[in-house]
Number of protein chains: 2
Amino acid sequence: MTLKSKNCIVGQSGGPTVAINASLSGVLQGILESNHYDTVYGMVNGIEGLLQGKYLNLSQRFDSIEKCHLLTHTPAMYLGSCRFKLPTCEHSEELYEELFNFFEEKEIGTVFYIGGNDSMDTVLKLSHYAKTTNKAVNIIGIPKTIDNDLPVTDHTPGFGSAAKFIATSLLEIAHDTYIYNIPSVTIVEIMGRNAGWLTAASALARTSYSPAPDLIYLPEVAFDKEQFLEDLKALLKVRKNIIVALSEGIKDLEGHYLSASSNAVDAFGHKQLCGVGKTLENLVKAELGCKVRSIELNVLQRAATHCSSLTDLEEAVAIGKYAVTLGAQGETAQMVCYHRISDAPYEIAFKGHPISEIANLEKTVPPHWITEAGNDITAECLNYLLPLVQGEPTIPYKKGIPLYASIDHLHTKGYFKKN
Amino acid sequence: MTLKSKNCIVGQSGGPTVAINASLSGVLQGILESNHYDTVYGMVNGIEGLLQGKYLNLSQRFDSIEKCHLLTHTPAMYLGSCRFKLPTCEHSEELYEELFNFFEEKEIGTVFYIGGNDSMDTVLKLSHYAKTTNKAVNIIGIPKTIDNDLPVTDHTPGFGSAAKFIATSLLEIAHDTYIYNIPSVTIVEIMGRNAGWLTAASALARTSYSPAPDLIYLPEVAFDKEQFLEDLKALLKVRKNIIVALSEGIKDLEGHYLSASSNAVDAFGHKQLCGVGKTLENLVKAELGCKVRSIELNVLQRAATHCSSLTDLEEAVAIGKYAVTLGAQGETAQMVCYHRISDAPYEIAFKGHPISEIANLEKTVPPHWITEAGNDITAECLNYLLPLVQGEPTIPYKKGIPLYASIDHLHTKGYFKKN
């Protein structure tokens with residue numbers, strides 16, 4: 001299907017990453033450089049926001065390449081996000097009609113949708129509707145997720161920056177931990193519910209003088225708490241301070257999340273839900289009796305632009321530009337992907353891939369990249385990860401804090417309404 | 001007392017900061033530049049480690065200014081730390097004799113001790129013993145603490161970097177939070193048991209488009225949970241996403257820590273101790289029913305060199321150098337201090353101050369720098385804080401993570417033993 005209309009629209013959805021605005025910036029830059037489209041609109045709060053009539057004119061806001069640069073290193077979503085499962089067109093045809101009427105009214109020929117697994121489901125469904133109803137609207141998915149769990153693409157935009165923040169933090173935690181001359185266990189809880197990529201990336205923290213993390217537990221391996229305690233005891237015989245990286249998503253031998261806990265109540269009588277780090281902190285304290293601390297890296301993993309990977313941001317811009325090329329060629333029902341040519345020297349290419357072979361599928365850490373003991377990753381896995389965290393972008397600062405793009409429109413009424 | 005001996009020794013103790021090695025670097029640079037001392041030794045694990053016979057020859061390790069630079073931006077303590085309350089010389093004279101015999105044996109004329117409140121108690125006691133026994137050893141304290149709670153000095157080395165990390169993180173959390181179009185409360189728990197300086201510094205995160213943190217609760221003000229809920233309800237009427245900064249040390253109206261909780265047990269039957277952030281997260285969830293999340297910034301506040309303040313690191317080096325000058329002048333029983341000349345343009349001077357007027361005292365946020373409602377800081381407080389977070393050092397990176405000085409000697413046997 002070739003390009004029949006003159007405008008396009010872009011949306012973002014799912015959880016934030018440090019690079020998702022870099023891909024938006026890439027789309028905007030690609031359009032400015034190519035003149036493939038007259039006007040680019042932006043959905044506010046994703047497809048859900050668009051259904052509520054919320055959108056922006058991005059061509060007015062970003063009328064020069066220079067204005068796009070600030071966006072490249074602004075965390076989370078400039079356009080806002082949503083967590084919205086688009087119903088199938090068989091069940092909610094009127095919803096699709098509404099969307100495609102809006103596309104027609106605004107002469108929108110291409111929809112770019114930046115997101116993770118759920119967002120690619122939206123790309124799949126919109127593509128399916130456009131095809132079955134013969135609408136001249138191309139739908140292109142642009143990946144993003146710190147979890148790195150999308151199939152086909154070598155890795156996902158946002159993952160490298162999250163990995164860099166995690167590895168940097170782990171090294172700094174090691175310096176913080178080694179100063180006391182008493183045995184200690186430090187447990188660092190890392191994001192990733194089903195895929196252990198981020199936790200695996202903690203291994204990038206290792207230096208000639210610091211073996212931290214000493215142990216790495218991924219959700220891909222069933223977690224045996226007795227073995228965990230044995231692993232710790234063995235290490236405490238040879239080293240003073242043990243640092244453990246573990247995924248928030250680890251499950252016990254029966255397949256239950258360790259983080260889902262208890263009927264415990266707190267000081268106010270309210271139910272407590274502590275994370276897996278805290279749960280294992282309590283276990284180690286009770287069973288080994290040594291000093292123990294748990295640290296949850298929390299949302300900074302996906303928001304710490306001040307510690308982002310230059311490789312990640314540059315690739316995220318480039319894949320956004322590539323999406324514009326692909327859209328303008330009339331391609332549809334595709335997600336743009338990274339294809340790795342080599343690890344060292346690191347080289348990638350871009351390609352489109354049918355969304356039907358990507359949406360609703362999940363890529364986890366393969367078993368042969370996890371050591372036999374199940375508590376570390378292999379050298380091959382490290383070779384895969386290493387190029388993704390290289391380079392540091394120059395983030396401008398103002399009054400001592402990073403200068404990011406204003407997101408004032410997300411909490412005021414600075415957007416259009418359809419009606 | 002004039003300088004009678006040719007060598008000196010330096011130690012570090014208490015909790016880590018990002019700038020404590022910068023002050024060590026300053027001492028080493030001051031000695032290299034001045035030739036005031038022949039050899040500089042380093043206690044390993046502070047005064048406690050020295051009593052166990054652990055020390056290093058720092059002159060051998062740092063024989064050029066260039067070698068000191070890596071130390072300037074290495075987090076935590078190169079020399080290791082201790083948490084050791086030196087008994088009084090009236091009670092444990094043999095311990096003091098042992099230390100001062102070592103100083104005599106090594107011809108040590110000056111002891112530099114870098115630390116916070118507890119470490120200044122050590123400086124006071126060593127000074128007292130030297131004076132009463134007429135020992136020719138000068139004792140100079142060099143401040144460090146992220147808590148900024150030492151009196152006399154305008155601020156403390158390490159505080160500015162922690163403040164910068166907190167403000168940067170708060171802004172990034174704001175970007176992360178504003179993307180969803182549903183009401184939410186985000187609670188950020190910040191270090192500072194009795195002094196609210198770090199929590200106050202969260203106000204530096206505010207920009208033209210982001211008012212976060214909307215509410216700031218310091219330990220200097222009794223925390224009224226009913227008022228807290230009212231504050232939130234009022235704000236949720238006008239804004240979608242509320243971000244709260246609160247100190248780990250806040251106490252209820254009866255003076256009890258909110259973080260000390262409960263007889264709750266977790267999945268393994270172990271007692272749970274959740275922080276104040278988690279406790280208030282549960283409260284808000286139960287009482288307001290909106291989306292709520294708590295985030296503990298944890299040890300990265302004191303370890304995140306990758307986000308340190310250039311002003312802080314430069315001042316920390318300079319105060320270390322000044323300590324060398326003061327020590328070589330024969331001064332003793334003093335802590336080196338920052339004296340602020342003006343806020344804008346920001347200007348400080350260095351001075352020594354009697355340790356007896358500093359040790360065991362605590363500086364909290366003054367009442368007139370807290371708003372009447374008790375949930376924010378004043379503009380005057382912000383003017384005080386602003387200069388301390390300015391500037392970004394150039395941190396070298398290697399393989400995608402910061403290049404810090406090796407601390408291999410802290411977990412191997414790379415140090416001397418007295419006996």
# chains A, B, ... in the order shown; residues from 1 in each chain; ligands from 1

call {"tool": "closest_atom_pairs", "arguments": {"of": "stretch 38-136 of chain B", "to": "stretch 307-312 of chain B", "cutoff": "12 Å", "atoms": "only C-alpha atoms", "output": "tab-separated table"}}
result
residue	atom	partner	partner_atom	distance
B:Thr72	CA	B:Leu310	CA	10.5
B:His73	CA	B:Ser308	CA	8.4
B:Thr74	CA	B:Ser308	CA	10.4
B:Pro75	CA	B:Ser308	CA	9.6

call {"tool": "residues_around", "arguments": {"residues": "B:His128", "least_positions_apart": "2", "cutoff": "12 Å", "atoms": "only C-alpha atoms", "output": "mmCIF file with C-alpha atoms, in the first residue's frame"}}
result
data_model
loop_
_atom_site.group_PDB
_atom_site.id
_atom_site.type_symbol
_atom_site.label_atom_id
_atom_site.label_comp_id
_atom_site.auth_asym_id
_atom_site.auth_seq_id
_atom_site.Cartn_x
_atom_site.Cartn_y
_atom_site.Cartn_z
ATOM 1 C CA THR B 88 37.428 8.437 76.852
ATOM 2 C CA CYS B 89 41.122 8.476 77.769
ATOM 3 C CA GLU B 90 40.112 8.429 81.425
ATOM 4 C CA TYR B 96 45.455 6.126 73.584
ATOM 5 C CA ASP B 121 34.037 13.183 68.638
ATOM 6 C CA THR B 122 37.164 11.139 67.847
ATOM 7 C CA VAL B 123 39.005 14.351 66.862
ATOM 8 C CA LEU B 124 37.920 15.968 70.130
ATOM 9 C CA LYS B 125 39.111 13.028 72.237
ATOM 10 C CA LEU B 126 42.458 12.626 70.473
ATOM 11 C CA ALA B 130 47.416 15.066 73.136
ATOM 12 C CA LYS B 131 46.955 18.276 75.105
ATOM 13 C CA THR B 132 46.731 16.706 78.552
ATOM 14 C CA THR B 133 49.735 14.437 77.936
ATOM 15 C CA ASN B 134 51.673 17.149 76.102
ATOM 16 C CA LYS B 135 52.131 15.093 72.916
ATOM 17 C CA VAL B 137 50.615 15.638 67.643
ATOM 18 C CA ASN B 138 48.118 17.995 66.053
ATOM 19 C CA ILE B 139 44.624 16.744 65.328
ATOM 20 C CA THR B 332 45.247 21.524 66.543
ATOM 21 C CA ALA B 333 41.848 20.574 68.006
ATOM 22 C CA GLN B 334 40.112 22.228 65.063
ATOM 23 C CA PRO B 354 37.642 24.752 67.779
ATOM 24 C CA ILE B 355 36.419 21.163 67.656
ATOM 25 C CA SER B 356 34.983 21.507 71.165
#

call {"tool": "atom_distance", "arguments": {"atom1": "atom CA of A:Leu388", "atom2": "atom CA of A:Ala167"}}
result
11.8 Å

call {"tool": "select_by_dssp", "arguments": {"residues": "stretch 249-381 of chain B", "states": "strand (DSSP E or B)", "output": "PyMOL selection string"}}
result
chain B and resi 251-252+257+265+271+291-296+334-342+347-354+370+377

call {"tool": "write_last_selection", "arguments": {"atoms": "N, CA, C and O atoms", "output": "short mmCIF file (atom, residue, chain, number, x, y, z; two decimals), in the first residue's frame"}}
result
data_model
loop_
_atom_site.label_atom_id
_atom_site.label_comp_id
_atom_site.auth_asym_id
_atom_site.auth_seq_id
_atom_site.Cartn_x
_atom_site.Cartn_y
_atom_site.Cartn_z
N LYS B 251 8.70 11.92 62.53
CA LYS B 251 8.09 11.31 63.73
C LYS B 251 6.65 11.79 63.86
O LYS B 251 6.31 12.89 63.43
N ASP B 252 5.82 10.95 64.48
CA ASP B 252 4.43 11.33 64.66
C ASP B 252 4.29 12.34 65.81
O ASP B 252 5.28 12.77 66.41
N TYR B 257 9.13 7.42 65.66
CA TYR B 257 9.46 7.27 64.24
C TYR B 257 8.34 6.53 63.53
O TYR B 257 7.86 5.51 64.02
N VAL B 265 4.83 -10.05 59.86
CA VAL B 265 5.77 -11.05 59.36
C VAL B 265 5.52 -11.27 57.87
O VAL B 265 4.43 -11.06 57.37
N LYS B 271 10.03 -11.18 60.65
CA LYS B 271 9.55 -9.84 60.99
C LYS B 271 9.88 -8.85 59.86
O LYS B 271 10.98 -8.84 59.34
N LYS B 291 -3.99 5.50 42.98
CA LYS B 291 -2.72 4.86 42.67
C LYS B 291 -1.63 5.49 43.55
O LYS B 291 -1.53 6.72 43.62
N VAL B 292 -0.83 4.68 44.19
CA VAL B 292 0.21 5.23 45.04
C VAL B 292 1.45 4.35 44.97
O VAL B 292 1.36 3.12 44.82
N ARG B 293 2.61 4.99 45.01
CA ARG B 293 3.88 4.29 44.92
C ARG B 293 4.86 4.97 45.87
O ARG B 293 4.85 6.19 46.00
N SER B 294 5.68 4.18 46.55
CA SER B 294 6.75 4.79 47.35
C SER B 294 8.10 4.39 46.77
O SER B 294 8.27 3.28 46.26
N ILE B 295 9.02 5.31 46.83
CA ILE B 295 10.36 5.11 46.27
C ILE B 295 11.38 5.50 47.33
O ILE B 295 11.33 6.60 47.87
N GLU B 296 12.28 4.58 47.63
CA GLU B 296 13.35 4.87 48.59
C GLU B 296 14.61 5.14 47.78
O GLU B 296 15.08 4.24 47.06
N GLN B 334 40.98 21.41 65.91
CA GLN B 334 40.11 22.23 65.06
C GLN B 334 39.46 21.39 63.96
O GLN B 334 40.01 20.37 63.55
N MET B 335 38.32 21.85 63.53
CA MET B 335 37.73 21.31 62.30
C MET B 335 37.78 22.42 61.26
O MET B 335 37.48 23.58 61.57
N VAL B 336 38.16 22.08 60.04
CA VAL B 336 38.13 23.07 58.97
C VAL B 336 36.68 23.27 58.54
O VAL B 336 35.91 22.33 58.48
N CYS B 337 36.34 24.54 58.28
CA CYS B 337 34.94 24.90 57.99
C CYS B 337 34.83 25.72 56.72
O CYS B 337 35.77 26.39 56.32
N TYR B 338 33.64 25.64 56.10
CA TYR B 338 33.28 26.58 55.05
C TYR B 338 32.62 27.79 55.71
O TYR B 338 31.76 27.64 56.58
N HIS B 339 32.98 28.98 55.26
CA HIS B 339 32.32 30.20 55.70
C HIS B 339 31.74 30.87 54.47
O HIS B 339 32.47 31.21 53.53
N ARG B 340 30.41 31.04 54.43
CA ARG B 340 29.80 31.63 53.24
C ARG B 340 29.88 33.15 53.28
O ARG B 340 29.45 33.77 54.24
N ILE B 341 30.40 33.71 52.21
CA ILE B 341 30.51 35.16 52.11
C ILE B 341 29.26 35.72 51.43
O ILE B 341 28.69 36.70 51.87
N SER B 342 28.82 35.06 50.35
CA SER B 342 27.56 35.49 49.72
C SER B 342 26.93 34.36 48.93
O SER B 342 27.61 33.43 48.48
N GLU B 347 30.13 32.72 47.08
CA GLU B 347 31.53 32.83 47.48
C GLU B 347 31.71 32.27 48.89
O GLU B 347 30.91 32.56 49.79
N ILE B 348 32.73 31.46 49.06
CA ILE B 348 33.02 30.94 50.40
C ILE B 348 34.49 31.14 50.75
O ILE B 348 35.34 31.34 49.87
N ALA B 349 34.77 31.09 52.05
CA ALA B 349 36.15 31.10 52.53
C ALA B 349 36.32 29.90 53.45
O ALA B 349 35.34 29.26 53.84
N PHE B 350 37.56 29.58 53.80
CA PHE B 350 37.85 28.46 54.70
C PHE B 350 38.37 28.99 56.02
O PHE B 350 39.06 30.02 56.05
N LYS B 351 38.05 28.32 57.10
CA LYS B 351 38.58 28.72 58.39
C LYS B 351 38.61 27.49 59.30
O LYS B 351 37.88 26.51 59.09
N GLY B 352 39.45 27.56 60.31
CA GLY B 352 39.45 26.50 61.32
C GLY B 352 38.57 26.95 62.48
O GLY B 352 38.41 28.15 62.72
N HIS B 353 38.00 26.00 63.18
CA HIS B 353 37.15 26.33 64.32
C HIS B 353 37.37 25.28 65.41
O HIS B 353 37.50 24.11 65.12
N PRO B 354 37.39 25.71 66.70
CA PRO B 354 37.64 24.75 67.78
C PRO B 354 36.66 23.57 67.74
O PRO B 354 35.45 23.77 67.69
N ILE B 370 11.30 26.85 57.17
CA ILE B 370 10.22 25.91 56.89
C ILE B 370 8.92 26.73 56.84
O ILE B 370 8.72 27.63 57.66
N ILE B 377 9.64 24.25 52.14
CA ILE B 377 10.72 25.13 52.62
C ILE B 377 10.52 26.53 52.03
O ILE B 377 9.76 26.72 51.08
#

call {"tool": "residues_around", "arguments": {"residues": "A:Ile358", "least_positions_apart": "5", "cutoff": "7 Å", "atoms": "only C-alpha atoms", "output": "number ranges by chain"}}
result
A: 150-152

call {"tool": "calpha_fit_rmsd", "arguments": {"fixed": "chain A", "moving": "chain B"}}
result
0.0 Å

call {"tool": "closest_atom_pairs", "arguments": {"of": "stretch 292-380 of chain A", "to": "stretch 398-403 of chain A", "cutoff": "12 Å", "atoms": "only C-alpha atoms", "output": "CSV"}}
result
residue,atom,partner,partner_atom,distance
A:Ala304,CA,A:Pro402,CA,10.4
A:Thr305,CA,A:Pro402,CA,8.7
A:His306,CA,A:Pro402,CA,7.0
A:Cys307,CA,A:Pro402,CA,10.8

call {"tool": "closest_residue", "arguments": {"among": "B:Ile140, B:Met191, B:Ile20, B:Ile182", "to": "B:Ala328", "atoms": "only C-alpha atoms"}}
result
B:Ile140

call {"tool": "closest_residue", "arguments": {"among": "B:Asp224, B:Asp147, B:Glu281, B:Glu98", "to": "chain A", "atoms": "only C-alpha atoms"}}
result
B:Glu281

call {"tool": "residues_around", "arguments": {"residues": "B:Ile47", "least_positions_apart": "6", "cutoff": "8 Å", "atoms": "only C-alpha atoms", "output": "NGL selection string"}}
result
:B and (11 or 13 or 82 or 84)

call {"tool": "closest_residue", "arguments": {"among": "B:Gly80, B:Gly249, B:Gly374, B:Pro183", "to": "chain A", "atoms": "only C-alpha atoms"}}
result
B:Gly80

call {"tool": "closest_residue", "arguments": {"among": "B:Lys233, B:Lys6, B:Lys225, B:His36", "to": "chain A", "atoms": "only C-alpha atoms"}}
result
B:Lys225

call {"tool": "select_by_dssp", "arguments": {"residues": "stretch 90-236 of chain B", "states": "helix (DSSP H, G or I)", "output": "ChimeraX atom specification"}}
result
/B:93-105,117-132,159-177,197-205,225-236

call {"tool": "closest_residue", "arguments": {"among": "B:Ile395, B:Leu410, B:Leu70, B:Leu236", "to": "chain A", "atoms": "only C-alpha atoms"}}
result
B:Leu410

call {"tool": "closest_residue", "arguments": {"among": "B:Thr168, B:Gln329, B:Asn57, B:Ser23", "to": "B:Asn7", "atoms": "only C-alpha atoms"}}
result
B:Asn57

call {"tool": "atom_distance", "arguments": {"atom1": "atom CA of B:Leu86", "atom2": "atom CA of B:Asn101"}}
result
16.8 Å

call {"tool": "atom_distance", "arguments": {"atom1": "atom CA of A:Gly30", "atom2": "atom CA of A:Gly14"}}
result
23.2 Å

call {"tool": "residues_around", "arguments": {"residues": "B:Leu386", "least_positions_apart": "6", "cutoff": "10 Å", "atoms": "only C-alpha atoms", "output": "PyMOL selection string"}}
result
(chain A and resi 399-400) or (chain B and resi 160+163-164+201+203-204+343-344+346)

call {"tool": "write_last_selection", "arguments": {"atoms": "C-alpha atoms", "output": "JSON list (two decimals), in the first residue's frame"}}
result
[["chain", "number", "residue", "atom", "x", "y", "z"],
["A", 399, "LYS", "CA", 20.42, 25.49, 37.90],
["A", 400, "GLY", "CA", 22.13, 22.25, 38.87],
["B", 160, "GLY", "CA", 25.88, 19.15, 47.64],
["B", 163, "ALA", "CA", 21.37, 17.09, 47.07],
["B", 164, "LYS", "CA", 22.06, 17.13, 43.33],
["B", 201, "ALA", "CA", 17.07, 19.81, 48.75],
["B", 203, "ALA", "CA", 12.85, 21.43, 46.23],
["B", 204, "LEU", "CA", 15.74, 22.05, 43.82],
["B", 343, "ASP", "CA", 24.83, 33.48, 48.00],
["B", 344, "ALA", "CA", 24.86, 35.24, 44.64],
["B", 346, "TYR", "CA", 28.31, 32.40, 45.51]]

call {"tool": "residues_around", "arguments": {"residues": "A:Gly196", "least_positions_apart": "5", "cutoff": "7 Å", "atoms": "only C-alpha atoms", "output": "ChimeraX atom specification"}}
result
/A:218-220,247,364-365

call {"tool": "decode", "arguments": {"residues": "stretch 341-351 of chain B", "atoms": "all heavy atoms", "output": "compact mmCIF listing (two decimals), in the first residue's frame"}}
result
# COMPACT_ATOMS: atom_id res chain seq x y z
N ILE B 341 30.40 33.71 52.21
CA ILE B 341 30.51 35.16 52.11
C ILE B 341 29.26 35.72 51.43
O ILE B 341 28.69 36.70 51.87
CB ILE B 341 31.80 35.55 51.36
CG1 ILE B 341 33.02 35.11 52.20
CG2 ILE B 341 31.86 37.05 51.09
CD1 ILE B 341 34.31 35.01 51.44
N SER B 342 28.82 35.06 50.35
CA SER B 342 27.56 35.49 49.72
C SER B 342 26.93 34.36 48.93
O SER B 342 27.61 33.43 48.48
CB SER B 342 27.79 36.71 48.82
OG SER B 342 28.52 36.34 47.67
N ASP B 343 25.59 34.48 48.76
CA ASP B 343 24.83 33.48 48.00
C ASP B 343 24.99 33.67 46.50
O ASP B 343 25.15 32.70 45.75
CB ASP B 343 23.31 33.59 48.31
CG ASP B 343 22.94 33.06 49.69
OD1 ASP B 343 23.75 32.32 50.28
OD2 ASP B 343 21.84 33.39 50.16
N ALA B 344 24.84 34.96 46.08
CA ALA B 344 24.86 35.24 44.64
C ALA B 344 25.56 36.58 44.41
O ALA B 344 25.01 37.60 44.78
CB ALA B 344 23.43 35.29 44.09
N PRO B 345 26.77 36.61 43.87
CA PRO B 345 27.52 35.43 43.42
C PRO B 345 27.98 34.60 44.62
O PRO B 345 28.33 35.16 45.66
CB PRO B 345 28.72 36.03 42.67
CG PRO B 345 28.92 37.38 43.31
CD PRO B 345 27.55 37.85 43.69
N TYR B 346 27.96 33.31 44.43
CA TYR B 346 28.31 32.40 45.51
C TYR B 346 29.81 32.50 45.81
O TYR B 346 30.65 32.42 44.91
CB TYR B 346 27.96 30.98 45.09
CG TYR B 346 28.40 29.90 46.07
CD1 TYR B 346 27.89 29.86 47.37
CD2 TYR B 346 29.29 28.92 45.68
CE1 TYR B 346 28.27 28.86 48.25
CE2 TYR B 346 29.67 27.91 46.56
CZ TYR B 346 29.17 27.90 47.84
OH TYR B 346 29.55 26.92 48.71
N GLU B 347 30.13 32.72 47.08
CA GLU B 347 31.53 32.83 47.48
C GLU B 347 31.71 32.27 48.89
O GLU B 347 30.91 32.56 49.79
CB GLU B 347 31.97 34.30 47.44
CG GLU B 347 33.47 34.49 47.35
CD GLU B 347 33.86 35.97 47.39
OE1 GLU B 347 33.01 36.84 47.08
OE2 GLU B 347 35.02 36.25 47.75
N ILE B 348 32.73 31.46 49.06
CA ILE B 348 33.02 30.94 50.40
C ILE B 348 34.49 31.14 50.75
O ILE B 348 35.34 31.34 49.87
CB ILE B 348 32.70 29.43 50.56
CG1 ILE B 348 33.49 28.58 49.55
CG2 ILE B 348 31.22 29.14 50.48
CD1 ILE B 348 33.61 27.13 49.96
N ALA B 349 34.77 31.09 52.05
CA ALA B 349 36.15 31.10 52.53
C ALA B 349 36.32 29.90 53.45
O ALA B 349 35.34 29.26 53.84
CB ALA B 349 36.42 32.41 53.29
N PHE B 350 37.56 29.58 53.80
CA PHE B 350 37.85 28.46 54.70
C PHE B 350 38.37 28.99 56.02
O PHE B 350 39.06 30.02 56.05
CB PHE B 350 38.89 27.53 54.06
CG PHE B 350 38.46 26.99 52.73
CD1 PHE B 350 38.84 27.61 51.54
CD2 PHE B 350 37.65 25.87 52.67
CE1 PHE B 350 38.41 27.11 50.32
CE2 PHE B 350 37.22 25.37 51.45
CZ PHE B 350 37.60 25.99 50.26
N LYS B 351 38.05 28.32 57.10
CA LYS B 351 38.58 28.72 58.39
C LYS B 351 38.61 27.49 59.30
O LYS B 351 37.88 26.51 59.09
CB LYS B 351 37.72 29.82 59.00
CG LYS B 351 36.26 29.42 59.21
CD LYS B 351 35.45 30.45 59.97
CE LYS B 351 34.05 29.90 60.27
NZ LYS B 351 33.27 30.72 61.18
